[in-house]
Structures are given as structure tokens and as C-alpha cells.
Amino acid sequence: MKSGIGKYEAVIGLEVHAQMLTDTKMFCGCSTRFGSEPNTQTCPVCIGMPGVLPVMNKKALEFTIKTGLAMNCKISPYSRFSRKNYFYPDLPKGYQISQYELPICEGGYIEVVVDGEVKRIGITRIHMEEDAGKNIHEGGGNYSFVDLNRAGIPLMEIVSEPDIRSPKEAAEYMKKLRTILRYLGVCDGNMEQGSLRCDANVSIRPVGQKEFGTRAEVKNINSFKFVEKALEYEIKRQIKVVEEGGRVIQETRLWDSNKGITESMRGKEEAHDYRYFPEPDLVPITAGQEWIDEIRIKLPELPDAKRKRFVSGYEIPEYDADLLTSEKAVAEWFEEAVRLGGSPKAVSNWMMGDLMRLLNEENKGIEECPLKPIQLVDMLKLIDNGTISGKIAKTVFEEMYKSGKEAGQIVKEKGLVQISDAGEIEKAIDEILTKSQREVERYKAGDEKLMGFFVGQVMKATKGKANPQMVNELLKKKLG
Amino acid sequence: MKLNELTISELRRFLDNREIKPREVLDDIHGRIDAVEDKVKSYITITKDAAYEMAKDAEQAILDNKASLLTGIPVAVKDNMCTKDILTTCASKILHNFKPPYESTVTTRLKEQGYILTGKTNLDEFAMGSSTENSGFHTTRNPWDLERVPGGSSGGSAASVAADECIAALGSDTGGSIRQPASLCGVVGLKPTYGRVSRFGLVAFASSLDQIGPITKNVTDAAIMLNAIAGHDPKDSTSAPIDVPDFTEVLGQEIKGLKIGIPKEYFIEGMDKDVEDSVRSAIKKLESLGAIPVEISLPHTGYAVATYYILATSEASSNLARYDGVKYGFRSSSQSGKEDLLEMYMNTRSQGFGTEVKRRIMLGTYALSAGYYEAYYKKGQQVRTLIKQDFDNAFKDVDVIVTPTSPSAAFKIGEKATDPLQMYLSDIFTISVNLAGVPAISIPCGFTKDNLPVGLQIIGRHFDEESIFKLAYAYEQSTEWHLRRPSL
């Protein structure tokens with residue numbers, strides 16, 4: 001009988017909270033801008049003063065419907081808000097306006113690729129709710145501060161089916177979710193800043209067993225790299241508990257990224273009774289079919305469709321298409337370059353190689369890329385017509401990125417035009433061969449590896465400008 | 001002639017003819033307040049200086065021929081409606097120092113119509129009660145008998161109108177809180193259709209039941225006040241986006257042939273004999289005016305009080321969660337300096353809320369808790385639907401429904417204070433109306449042998465306040481009950 005990890009299977013469901021990119025809050029007109037002075041983006045409604053009333057942000061509803069459609073959900077024609085009641089200083093009303101019985105979106109799915117296999121992960125529901133504020137513990141006294149700028153910011157809660165079977169799948173699911181949300185422009189997907197948050201329900205069961213095991217909820221997974229780590233830890237922990245003859249208990253656990261472990265926060269007995277009931281201050285939400293259709297028509301092309309189109313339309317490898325469609329803006333950059341005449345594979349290579357490297361060095365996204373697609377295309381033309389070599393192009397590309405100058409200008413200024421004049425190259429070769437009598441003899445004696453040495457010397461002498469192909473040919477001829 | 005004893009429509013004429021000035025009206029109001037407020041105790045806050053400022057503006061508006069519905073009319077407002085920079089306490093210690101930085105929609109609309117705010121009136125804490133004895137500050141007395149309660153929760157508003165300490169007032173009604181005190185104080189009180197008047201700025205007790213309405217000396221004034229405050233408000237999603245008629249236009253119209261339903265369930269054992277006699281004579285009077293009484297049945301009436309005390313308390317338990325000592329209002333002072341968050345919450349709420357409020361928070365919390373929700377809250381919602389259907393069915397056959405407002409006239413202070421159930425039963429005839437969301441008025445229809453006023457309740461279809469006004473006005477024109485004044 002197998003023992004240890006191989007004997008068990010993990011069952012994971014994720015609850016993801018995504019802050020919506022609306023200009024104003026869920027139920028009032030306050031700004032949602034991040035990073036303002038504490039409590040400056042508040043009003044009587046979002047700080048829960050007596051007698052004030054919420055008014056739904058219609059943009060938030062539109063964003064949620066958009067997301068639901070992109071994730072293949074059914075959009076409910078009749079849905080409503082509920083109150084989730086609990087006491088905490090960052091929750092000014094003593095309840096959060098959320099959705100409970102009748103969420104706006106239900107029964108969808110998204111597809112992820114894990115180890116080359118396409119896997120479908122079900123979306124149970126997507127609902128709207130308002131964010132809480134933040135408690136800040138500093139100053140050392142027996143008091144805390146409360147900042148309510150975040151209170152009332154619109155959130156979508158995206159709940160998956162327990163279809164995820166490994167930490168890797170969970171990570172792929174999160175990546176895909178983020179990609180879709182960013183394509184739709186409904187969330188910036190920044191886990192570190194908390195605009196995308198992930199809680200995980202995790203259980204284990206012996207391979208082959210149908211029933212689910214007792215689950216633990218893991219909270220505070222606040223970075224993409226921790227999704228896998230936290231789940232790996234939790235699964236191992238549960239297996240250890242079971243292997244040692246214990247039982248997993250239903251509880252909420254907090255991921256501690258410094259220690260790399262999950263720790264018990266509260267047990268089932270201490271679980272909140274949220275006393276959900278329909279929010280009487282808001283009327284039920286009725287989303288007309290016409291409006292839903294209008295939103296559907298305006299949906300952008302989604303990553304899966306785009307990837308397929310890139311593979312078939314541009315004849316680039318699956319791998320390239322996957323990377324190029326991971327961000328809408330990257331895909332747009334690519335398509336613009338191709339539209340302007342760049343060959344798809346060449347554009348793809350330059351983007352995935354040098355361009356991404358340069359952007360990553362500066363921690364920039366493609367939106368902040370100083371280079372325009374047309375600049376790359378112009379440079380590719382210089383390669384194609386033999387003005388510069390591929391090797392020189394790397395220098396030109398970097399210079400273009402850093403200075404913003406056009407490729408042609410850089411080539412002219414730095415004298416980087418490729419030498420394709422046979423006489424000039426022959427002259428350089430003759431000089432090298434004269435200086436390297438010993439190597440010539442060895443080569444002629446059969447040490448053919450030295451060809452590389454000669455090429456290198458010639459390139460060095462011509463400052464890399466000699467047409468590499470011609471150098472090769474002429475060298476071979478001279479060395480007979 | 002004491003100007004404070006006049007009605008809105010009478011004052012309007014004198015003011016617009018420039019026979020009197022707003023300041024003179026206010027002088028008489030304050031003369032009266034000085035004379036009787038110590039006995040009646042209608043108000044929590046009297047805004048005298050601000051009122052004289054508003055009187056100046058009103059005078060100017062009249063001189064500029066820009067007078068509106070309420071220009072220069074002194075109106076009292078129940079202290080659960082937010083008034084910017086003016087204390088708004090809900091008669092609760094937990095909000096004893098709360099000055100809202102915003103104005104409720106109703107007072108904004110009154111302002112637009114030129115009103116003068118006399119002050120903020122007393123109520124049962126957070127509008128929970130039927131006598132004002134649950135006020136965190138003091139009990140208001142019934143101007144007809146100072147040993148008796150004025151009813152509640154809008155007892156301060158009703159008493160101030162009855163005692164001529166203002167010309168008209170605003171109240172709020174969750175289960176009878178406008179109509180029952182109006183009945184007990186011998187004045188007119190209207191609870192409009194749910195959604196007719198914006199709740200923005202009304203401190204919530206039970207959001208799905210609360211509605212603001214006028215308390216006035218006669219039916220005409222109630223129609224004028226409703227004209228001023230009714231209408232859709234983008235700040236309140238539950239306010240109805242429908243047109244508002246001029247409610248004064250139906251006053252004086254014929255009531256001949258109007259069918260009035262008399263629900264058999266509303267003439268119950270244990271009802272005060274004098275109340276029953278007054279209501280039955282009122283029905284006869286209406287018949288003599290051409291209305292046609294029809295006996296009807298509202299079969300689920302017996303479940304109304306129980307349903308109400310589940311739903312209203314459930315909503316209240318959530319609505320009152322925000323009073324936690326964190327952001328505003330009362331916070332219990334630290335004893336040891338070492339209290340943790342939970343202790344701060346518990347001390348603040350134990351000390352800040354009164355007994356009845358705490359009782360209702362606990363009832364509502366229980367009704368919503370896991371394992372009880374289905375049996376209480378959900379069942380309550382289902383019964384509420386049945387009660388609504390009772391009214392829908394009845395209104396297929398009749399135009400309005402006529403009942404007593406309260407089973408008894410004003411009771412003695414302290415008489416029911418220790419028996420919550422007896423207190424709850426004083427709203428037995430008014431509660432169904434809130435559950436159904438329909439409009440209803442209470443108008444004076446007689447007096448008991450002890451010279452205590454009795455109220456007649458007229459209930460209308462959704463958004464048909466006009467039929468109510470029409471019938472109430474016709475009755476009022478043919479009787480003199482509304483002209484009687486308490487001797488203070």
C-alpha cells in the first residue's frame with residue numbers, strides 16, 4: 001500500500017476577491033483612488049453614519065456582469081443584496097453589503113493549461129460586495145487606527161467549484177483569472193497591493209475516494225508566488241495529520257509568508273454567524289436581457305480565443321502565442337508590429353527576448369514601454385535588407401529602447417552599417433591570417449574548430465559589422 | 001388671536017396678505033413653549049436662535065413674493081431625522097452628542113418650502129415604543145392629561161402639535177408611530193405609502209417598514225405637508241420613482257359611493273368601549289355622507305404583531321450595529337485602561353442603549369441566527385406576504401378601509417412600561433399597514449368619558465393617499481373633534 005503524499009489527492013476551491021476599477025465606490029460617490037491620506041476618501045454613507053442610505057453603483061454591476069459573461073456564467077435576471085453582519089472597527093456599519101442567496105452570476109467555468117493538458121474549472125458564482133476599511137496598529141499604545149478610504153470599494157467575489165487538484169492548478173487558475181480580469185479592464189489584478197485576494201478551501205482524501213475530506217480555509221495568501229507555497233504547505237500538513245492518526249478539523253487558518261506556514265486562526269466553534277438577510281435599503285437588481293446582450297457584444301476578444309487566433313493566423317508556436325496573449329496590451333503591441341509589416345515570428349522573438357528583458361530590468365509593464373512597435377519594425381527591415389546584422393541589431397535595439405532614437409539614426413550615428421563589400425572583408429581576413437600563422441597551420445592539420453576563432457577575430461577587427469555569412473564563406477575559400 | 005393656535009393654511013393666508021410676519025408667529029410659538037413645555041416636554045432640542053434666523057429669511061421671501069408652501073411656518077421635527085449641525089439624538093444616550101454633517105431629504109425639502117424649524121421632538125429611543133417612556137432623556141406627557149402618555153414613538157411631535165408648541169410636525173412610523181400618538185393626542189397623523197417619502201437621513205429602525213409623515217392639526221395641513229415632502233429621491237433607492245399629485249386638490253370632493261371596508265378582525269374583545277363607540281359612530285357619519293360601509297375580512301390580522309416583532313427587530317439588530325463607540329456618539333469611558341476591543345463594544349452598547357432597544361436587538365439577533373432564520377425571519381417574510389395579499393384582496397372590493405387607530409385611548413404613564421407585550425398590543429391596529437406598505441391616516445373621531453381623544457384610522461391602496469384625504473376631509477368637515485384643544 002502506498003503511503004505519504006502519493007496516496008492522497010488534494011481538493012481545492014478558491015474564493016477570489018477582486019477590487020473593481022470603478023471611479024467611485026459601490027454605494028456612494030467617493031473616489032476609489034489608492035494611496036490617499038487616511039479617511040480623506042469618505043463620506044457619511046461609507047463611514048456608516050446614522051440615517052444614510054446606499055445607492056448601487058451601476059458601473060460595478062456592469063463590470064460584474066461582464067466578468068460573469070467572460071467566465072461563461074448565467075446572469076440572473078433577478079438578484080439582490082444581503083447584509084453580512086459582524087462587528088469589527090474597519091466595518092463601519094457593523095455589516096457588509098454583499099450578495100448571498102441570489103448572486104448576479106452563477107454556474108460558469110474557465111479553462112487552464114496544466115502540464116500541456118487543458119482543464120476546465122467551474123465557477124460556482126460571482127457576486128458583488130463592498131470592501132471593508134483597514135485597521136492600522138502602530139504607535140505602540142493600547143489603541144489602533146482605522147482608515148476607511150477602502151471601505152465601500154466595489155469587490156467581486158469569484159468562487160470556484162472544488163475542481164482544483166493541485167497547488168500548480170491553483171496557481172494557473174489564479175493566473176488565468178487575473179488575465180481575464182485585466183483583459184476586461186475590471187480589475188488591475190495586483191495581489192501585492194491587495195486588489196486581488198485569494199482564500200483557499202483545502203482538503204485531502206485518499207486517491208479514489210469520492211467524498212470530500214474536512215476542509216480548512218486558508219486566508220491571507222497575498223502574493224502570486226504564495227498561492228502554490230501556501231497550498232503545498234497546507235496539503236502536506238493535512239496529510240501529516242492524517243498519517244499520524246489524527247483528523248483534520250474544520251477551521252480557518254492564516255498563511256504566514258515569513259514563516260512559510262499556515263496557522264490556526266479560529267475553529268468551527270468560533271466561526272462567525274453572519275446572520276445574512278436581504279438588504280432592505282436596496283431594491284432587487286433586475287438586469288434586463290437587452291442590457292446583458294449589449295454588454296456581451298462589447299466584450300473584448302478573450303485570451304483563449306486570441307491565443308488560438310495567433311497560432312492559426314500568424315503561424316507562431318503555441319508557446320509564443322501563450323506568452324503574447326497573457327496581457328492584452330502585449331498582444332496589442334504584437335499585433336500592431338505585425339500590422340506595420342513585421343514578420344510574426346521575428347516580432348515575437350524580439351518581444352519575448354530582448355523587449356521583455358529590458359522591461360523586466362526596470363520593472364515596467366508593456367503600457368510603460370518606451371519603444372513603439374513601428375521602431376521594432378523599422379529595425380527588422382534593416383536586418384532584412386542586410387543593412388545591419390542580427391548581432392548588431394541587439395545593440396541597436398537596446399540603444400533604441402534607452403534613447404528613443406530610430407534604428408536608422410542609431411546605425412548611422414554609430415557607423416553600424418554592415419560591411420557586405422567582399423574586398424573589404426577579404427582585406428580584414430588577410431590581415432588576421434597573416435598574424436595567426438600558427439593557428440592556420442593547426443587548422444590545415446585538421447583542427448577545424450579553429451574556424452570559430454578566425455570568424456571571431458574578423459568580426460572583432462570589423463567591430464562586428466562584417467556580414468557574418470560572407471565572413472564564413474570567404475574564410476572557407478581562403479583556408480581551402 | 002394666538003398665532004400658534006392656527007393651522008398652516010390659515011397662517012399662509014395671513015402671511016401672504018402680509019397681515020402678520022413670520023417672526024410674530026414664532027413669538028407666539030415661543031410664548032407657548034415657555035408656558036407649557038415644562039409640563040409637556042415635547043422637545044429634546046429647541047432651536048430658537050436658528051428659528052429666528054429662518055424667520056428673517058421667510059419674511060424676506062414673502063416681501064419678494066417668493067413664498068412657498070411652508071414659508072414662515074414653524075414645524076417641529078422628530079429627533080430621528082438628521083438636521084445638519086443640529087443635535088440628532090434619537091432620544092438615545094448612544095447619540096447624545098451627535099450632530100450630523102448632512103441634512104435629511106425631508107428637512108431639505110421643508111427648507112426648500114421655507115419652513116422654520118422649531119426644534120427636535122422627543123421619541124421612544126430609536127423609535128422603539130408606543131409611549132415615549134423609552135426615551136433616554138425624559139417622558140413626554142399627553143397635553144390632554146399630563147398623567148398620561150402621548151403615545152409613541154412620535155409622542156413628542158404629536159404632543160407639540162396638540163399643545164400648539166408648533167404648527168405642524170414630522171413623525172416617523174414603523175408600526176404605528178405616527179398614527180397611534182396622533183390618535184392619543186387628538187391630532188391628524190399620516191403614514192404615507194412605503195416609498196412615497198424619502199428615508200434618507202431618517203435614522204433607521206426597520207428599513208423595510210419605516211416611513212416619514214406629517215402630524216398636523218387638520219387634514220388640509222397633512223395634505224400640504226405631504227405635498228412638501230413626497231417624491232422620489234435618488235439618495236433613497238426604495239423611494240418610488242413615480243409622480244406626486246397635489247394632495248390638496250381632492251379635498252372637498254364628493255365621497256358619495258365610496259366603498260369603505262370595515263374589517264371584522266379589528267373590532268376585538270377587550271377593545272375600549274368608548275373607542276369602539278366613537279369609531280362605530282364615525283362609520284355611521286361616513287355612511288350619512290354617502291359612503292358605503294362593507295364588512296370585509298383581513299384574515300391574517302392575528303399574525304401581524306408577531307410577524308412585525310420578528311421582522312422589525314431583525315432589521316433593527318443590524319441597523320443598530322453601527323453604534324459601536326468607534327466613530328461617533330457615546331463610547332464607554334475606560335475603567336482600567338486595559339479593555340480590549342470586545343469589552344469596549346460591550347460596555348459602550350450596554351451603557352449606551354436603553355432596555356427596550358437592547359431587548360429588540362437581542363430578539364432580532366436571535367431571529368436571524370443560524371438554525372432559527374428559517375423558523376423566524378423567513379417565516380415572518382412569508383406571513384408578511386400573506387398580510388399584503390389580505391389588503392390586495394380587500395381593495396378589490398373597497399376603496400378604503402376604516403378601523404380604530406388604537407384599541408384604547410391614552411394610558412397612564414407607567415401603566416404598561418413594565419409589560420412589553422401589553423405595550424406591543426397598543427399597535428395592534430396599525431402594524432399590518434406597515435407590513436403591507438399601504439398608506440393610512442389617523443384623525444380625531446371622538447372622546448372617551450375621561451375626555452381623552454379617540455382616533456379613526458383610514459387605510460388606502462398603495463400610493464392612493466388621495467382617497468384617504470378625500471374621506472378624511474369630508475369627515476372632518478362634518479365634525480368638530482379636530483377643533484377641540486386641551487386645556488393646559
# chains A, B, ... in the order shown; residues from 1 in each chain; ligands from 1
$ residues_around --residues "B:Tyr266" --least-positions-apart "2" --cutoff "10 Å" --atoms "only C-alpha atoms" --output "PyMOL selection string"
chain B and resi 262-264+268-269+271+276+297-298+301-302+402-407+428-429
$ residues_around --residues "stretch 391-408 of chain A" --least-positions-apart "4" --cutoff "12 Å" --atoms "only C-alpha atoms" --output "PyMOL selection string"
chain A and resi 349-351+353-359+362+368-384+386-387+412-419+459+462-469
$ closest_atom_pairs --of "chain A" --to "chain B" --cutoff "8 Å" --atoms "only C-alpha atoms" --output "JSON lines"
{"residue": "A:Pro44", "atom": "CA", "partner": "B:Tyr102", "partner_atom": "CA", "distance": 7.8}
{"residue": "A:Gly48", "atom": "CA", "partner": "B:Arg322", "partner_atom": "CA", "distance": 6.6}
{"residue": "A:Met49", "atom": "CA", "partner": "B:Arg322", "partner_atom": "CA", "distance": 7.7}
{"residue": "A:Pro50", "atom": "CA", "partner": "B:Val203", "partner_atom": "CA", "distance": 5.2}
{"residue": "A:Gly51", "atom": "CA", "partner": "B:Val203", "partner_atom": "CA", "distance": 3.7}
{"residue": "A:Val52", "atom": "CA", "partner": "B:Gly201", "partner_atom": "CA", "distance": 5.3}
{"residue": "A:Leu53", "atom": "CA", "partner": "B:Phe200", "partner_atom": "CA", "distance": 6.0}
{"residue": "A:Pro54", "atom": "CA", "partner": "B:Asp236", "partner_atom": "CA", "distance": 7.4}
{"residue": "A:Val55", "atom": "CA", "partner": "B:Ser237", "partner_atom": "CA", "distance": 6.1}
{"residue": "A:Asn85", "atom": "CA", "partner": "B:Ser318", "partner_atom": "CA", "distance": 6.8}
{"residue": "A:Phe87", "atom": "CA", "partner": "B:Ala321", "partner_atom": "CA", "distance": 7.4}
{"residue": "A:Pro89", "atom": "CA", "partner": "B:Val326", "partner_atom": "CA", "distance": 6.5}
{"residue": "A:Pro92", "atom": "CA", "partner": "B:Arg322", "partner_atom": "CA", "distance": 6.1}
{"residue": "A:Lys93", "atom": "CA", "partner": "B:Arg322", "partner_atom": "CA", "distance": 4.4}
{"residue": "A:Gly94", "atom": "CA", "partner": "B:Ala321", "partner_atom": "CA", "distance": 4.8}
{"residue": "A:Tyr95", "atom": "CA", "partner": "B:Ser318", "partner_atom": "CA", "distance": 7.0}
{"residue": "A:Asn142", "atom": "CA", "partner": "B:Lys338", "partner_atom": "CA", "distance": 7.4}
{"residue": "A:Asp273", "atom": "CA", "partner": "B:Ala370", "partner_atom": "CA", "distance": 6.4}
{"residue": "A:Tyr274", "atom": "CA", "partner": "B:Ser369", "partner_atom": "CA", "distance": 7.8}
{"residue": "A:Arg275", "atom": "CA", "partner": "B:Leu368", "partner_atom": "CA", "distance": 5.2}
{"residue": "A:Tyr276", "atom": "CA", "partner": "B:Leu368", "partner_atom": "CA", "distance": 7.3}
{"residue": "A:Phe277", "atom": "CA", "partner": "B:Leu368", "partner_atom": "CA", "distance": 7.4}
{"residue": "A:Pro280", "atom": "CA", "partner": "B:Ser208", "partner_atom": "CA", "distance": 5.4}
{"residue": "A:Asp281", "atom": "CA", "partner": "B:Ser207", "partner_atom": "CA", "distance": 6.2}
{"residue": "A:Leu282", "atom": "CA", "partner": "B:Ser237", "partner_atom": "CA", "distance": 5.7}
{"residue": "A:Val283", "atom": "CA", "partner": "B:Thr238", "partner_atom": "CA", "distance": 6.1}
$ residues_around --residues "stretch 48-61 of chain B" --least-positions-apart "6" --cutoff "6 Å" --atoms "only C-alpha atoms" --output "compact mmCIF listing (two decimals) with all heavy atoms, in the first residue's frame"
# COMPACT_ATOMS: atom_id res chain seq x y z
N PRO B 22 -43.63 86.30 9.91
CA PRO B 22 -43.16 85.02 10.46
C PRO B 22 -42.64 85.17 11.90
O PRO B 22 -42.85 84.30 12.74
CB PRO B 22 -42.05 84.62 9.50
CG PRO B 22 -42.40 85.26 8.20
CD PRO B 22 -43.07 86.56 8.58
N ARG B 23 -41.96 86.28 12.15
CA ARG B 23 -41.40 86.50 13.49
C ARG B 23 -42.51 86.51 14.55
O ARG B 23 -42.33 85.99 15.64
CB ARG B 23 -40.63 87.83 13.51
CG ARG B 23 -39.97 88.17 14.82
CD ARG B 23 -39.03 89.36 14.68
NE ARG B 23 -39.56 90.41 13.81
CZ ARG B 23 -40.48 91.30 14.20
NH1 ARG B 23 -40.98 91.27 15.42
NH2 ARG B 23 -40.88 92.23 13.36
N ALA B 67 -42.96 83.41 -1.66
CA ALA B 67 -43.38 82.48 -0.62
C ALA B 67 -43.73 81.12 -1.23
O ALA B 67 -44.30 81.05 -2.32
CB ALA B 67 -44.59 83.03 0.12
N THR B 71 -43.45 78.71 3.79
CA THR B 71 -42.65 79.89 4.14
C THR B 71 -43.18 80.52 5.43
O THR B 71 -44.34 80.91 5.51
CB THR B 71 -42.69 80.93 3.00
OG1 THR B 71 -42.24 80.29 1.81
CG2 THR B 71 -41.80 82.12 3.31
N GLY B 72 -42.30 80.54 6.44
CA GLY B 72 -42.66 81.15 7.71
C GLY B 72 -43.47 80.27 8.64
O GLY B 72 -43.95 80.73 9.68
N ILE B 116 -39.78 76.94 9.10
CA ILE B 116 -38.96 77.33 10.25
C ILE B 116 -38.91 76.14 11.20
O ILE B 116 -39.95 75.63 11.63
CB ILE B 116 -39.57 78.55 10.98
CG1 ILE B 116 -39.55 79.77 10.06
CG2 ILE B 116 -38.81 78.84 12.27
CD1 ILE B 116 -40.34 80.95 10.61
N LEU B 117 -37.69 75.67 11.49
CA LEU B 117 -37.54 74.54 12.42
C LEU B 117 -37.64 75.05 13.85
O LEU B 117 -36.84 75.87 14.28
CB LEU B 117 -36.18 73.86 12.19
CG LEU B 117 -35.82 72.73 13.16
CD1 LEU B 117 -36.71 71.52 12.96
CD2 LEU B 117 -34.35 72.35 13.03
N THR B 118 -38.65 74.55 14.58
CA THR B 118 -38.77 74.97 15.99
C THR B 118 -37.85 74.17 16.89
O THR B 118 -37.34 74.68 17.88
CB THR B 118 -40.21 74.77 16.50
OG1 THR B 118 -40.57 73.40 16.32
CG2 THR B 118 -41.18 75.67 15.77
$ residues_around --residues "B:Val398" --least-positions-apart "2" --cutoff "7 Å" --atoms "only C-alpha atoms" --output "list in words"
Lys259, Ile260, Gly261, Ala394, Phe395, Lys396 and Val400 of chain B
$ write_last_selection --atoms "C-alpha atoms" --output "PDB file, in the first residue's frame"
ATOM      1  CA  LYS B 259     -66.812  51.932  -0.537  1.00  0.00           C
ATOM      2  CA  ILE B 260     -65.337  51.719   2.935  1.00  0.00           C
ATOM      3  CA  GLY B 261     -64.246  48.321   4.213  1.00  0.00           C
ATOM      4  CA  ALA B 394     -59.782  43.644   0.241  1.00  0.00           C
ATOM      5  CA  PHE B 395     -59.003  46.541  -2.064  1.00  0.00           C
ATOM      6  CA  LYS B 396     -60.577  44.668  -4.948  1.00  0.00           C
ATOM      7  CA  VAL B 400     -60.550  52.452   1.678  1.00  0.00           C
TER       8      VAL B 400
END
$ residues_around --residues "A:Trp333" --least-positions-apart "3" --cutoff "9 Å" --atoms "only C-alpha atoms" --output "PDB file with N, CA, C and O atoms, in the first residue's frame"
ATOM      1  N   LYS A 328      -3.322  41.733 -22.419  1.00  0.00           N
ATOM      2  CA  LYS A 328      -3.963  42.310 -23.587  1.00  0.00           C
ATOM      3  C   LYS A 328      -3.041  43.327 -24.282  1.00  0.00           C
ATOM      4  O   LYS A 328      -2.929  43.349 -25.511  1.00  0.00           O
ATOM      5  N   ALA A 329      -2.353  44.130 -23.468  1.00  0.00           N
ATOM      6  CA  ALA A 329      -1.516  45.179 -24.040  1.00  0.00           C
ATOM      7  C   ALA A 329      -0.330  44.587 -24.795  1.00  0.00           C
ATOM      8  O   ALA A 329       0.125  45.143 -25.791  1.00  0.00           O
ATOM      9  N   VAL A 330       0.189  43.457 -24.332  1.00  0.00           N
ATOM     10  CA  VAL A 330       1.302  42.792 -25.011  1.00  0.00           C
ATOM     11  C   VAL A 330       0.820  42.305 -26.379  1.00  0.00           C
ATOM     12  O   VAL A 330       1.477  42.504 -27.403  1.00  0.00           O
ATOM     13  N   GLU A 336       0.159  45.189 -33.508  1.00  0.00           N
ATOM     14  CA  GLU A 336       0.477  46.460 -34.159  1.00  0.00           C
ATOM     15  C   GLU A 336       1.765  46.306 -34.985  1.00  0.00           C
ATOM     16  O   GLU A 336       1.845  46.749 -36.133  1.00  0.00           O
ATOM     17  N   ALA A 337       2.769  45.653 -34.393  1.00  0.00           N
ATOM     18  CA  ALA A 337       4.043  45.465 -35.091  1.00  0.00           C
ATOM     19  C   ALA A 337       3.840  44.623 -36.351  1.00  0.00           C
ATOM     20  O   ALA A 337       4.400  44.922 -37.414  1.00  0.00           O
ATOM     21  N   VAL A 338       3.018  43.594 -36.244  1.00  0.00           N
ATOM     22  CA  VAL A 338       2.781  42.728 -37.404  1.00  0.00           C
ATOM     23  C   VAL A 338       2.023  43.503 -38.486  1.00  0.00           C
ATOM     24  O   VAL A 338       2.329  43.418 -39.667  1.00  0.00           O
ATOM     25  N   ILE A 366       4.176  46.573 -20.256  1.00  0.00           N
ATOM     26  CA  ILE A 366       4.227  46.963 -21.664  1.00  0.00           C
ATOM     27  C   ILE A 366       3.598  48.338 -21.869  1.00  0.00           C
ATOM     28  O   ILE A 366       3.976  49.084 -22.770  1.00  0.00           O
ATOM     29  N   LYS A 372       8.118  51.976 -29.482  1.00  0.00           N
ATOM     30  CA  LYS A 372       6.879  51.809 -30.240  1.00  0.00           C
ATOM     31  C   LYS A 372       7.040  50.641 -31.215  1.00  0.00           C
ATOM     32  O   LYS A 372       8.152  50.417 -31.712  1.00  0.00           O
ATOM     33  N   PRO A 373       5.956  49.970 -31.527  1.00  0.00           N
ATOM     34  CA  PRO A 373       6.039  48.839 -32.466  1.00  0.00           C
ATOM     35  C   PRO A 373       6.714  49.226 -33.788  1.00  0.00           C
ATOM     36  O   PRO A 373       7.509  48.458 -34.325  1.00  0.00           O
TER      37      PRO A 373
END
$ select_by_dssp --residues "stretch 122-213 of chain A" --states "alpha helix (DSSP H)" --output "VMD selection string"
chain A and resid 167 to 184
$ write_last_selection --atoms "C-alpha atoms" --output "compact mmCIF listing (two decimals), in the first residue's frame"
# COMPACT_ATOMS: atom_id res chain seq x y z
CA PRO A 167 -1.25 23.79 -5.95
CA LYS A 168 0.02 24.17 -9.51
CA GLU A 169 -3.51 24.07 -10.88
CA ALA A 170 -4.49 26.67 -8.32
CA ALA A 171 -1.66 28.92 -9.44
CA GLU A 172 -2.63 28.50 -13.10
CA TYR A 173 -6.25 29.24 -12.21
CA MET A 174 -5.24 32.43 -10.42
CA LYS A 175 -3.09 33.49 -13.38
CA LYS A 176 -5.89 32.86 -15.81
CA LEU A 177 -8.38 34.70 -13.64
CA ARG A 178 -6.05 37.66 -13.42
CA THR A 179 -5.51 37.66 -17.19
CA ILE A 180 -9.23 37.65 -17.87
CA LEU A 181 -9.95 40.39 -15.31
CA ARG A 182 -7.22 42.54 -16.83
CA TYR A 183 -8.46 41.89 -20.38
CA LEU A 184 -11.89 43.06 -19.28
$ select_by_dssp --residues "stretch 53-236 of chain B" --states "strand (DSSP E or B)" --output "number ranges by chain"
B: 74-78, 81, 83, 86, 116-121, 142, 145, 148, 168-173, 188-191, 197, 202, 211-216, 230
$ closest_residue --among "A:Arg309, A:Ala346, A:Ile158, A:Lys478" --to "A:Gly390" --atoms "only C-alpha atoms"
A:Ala346
$ residues_around --residues "B:Ile46" --least-positions-apart "2" --cutoff "12 Å" --atoms "only C-alpha atoms" --output "VMD selection string"
chain B and resid 29 to 30 33 to 34 37 41 to 44 48 to 52 74 to 79 86 to 88 116 to 122 160 165 to 166
$ closest_residue --among "A:Arg442, A:Arg120, A:Lys345, A:Lys308" --to "A:Pro162" --atoms "only C-alpha atoms"
A:Arg120
$ residues_around --residues "A:Phe453" --least-positions-apart "2" --cutoff "12 Å" --atoms "only C-alpha atoms" --output "PyMOL selection string"
chain A and resi 429+432-433+436+439-440+442-443+447-451+455-460+472+475
$ closest_residue --among "B:Ala240, B:Val433, B:Val279, B:Ala223" --to "B:Tyr473" --atoms "only C-alpha atoms"
B:Ala223
$ closest_residue --among "A:Val202, A:Val186, A:Ile121, A:Ile388" --to "A:Pro300" --atoms "only C-alpha atoms"
A:Val186
$ atom_distance --atom1 "atom CA of B:Ser172" --atom2 "atom CA of B:Ile431"
13.2 Å
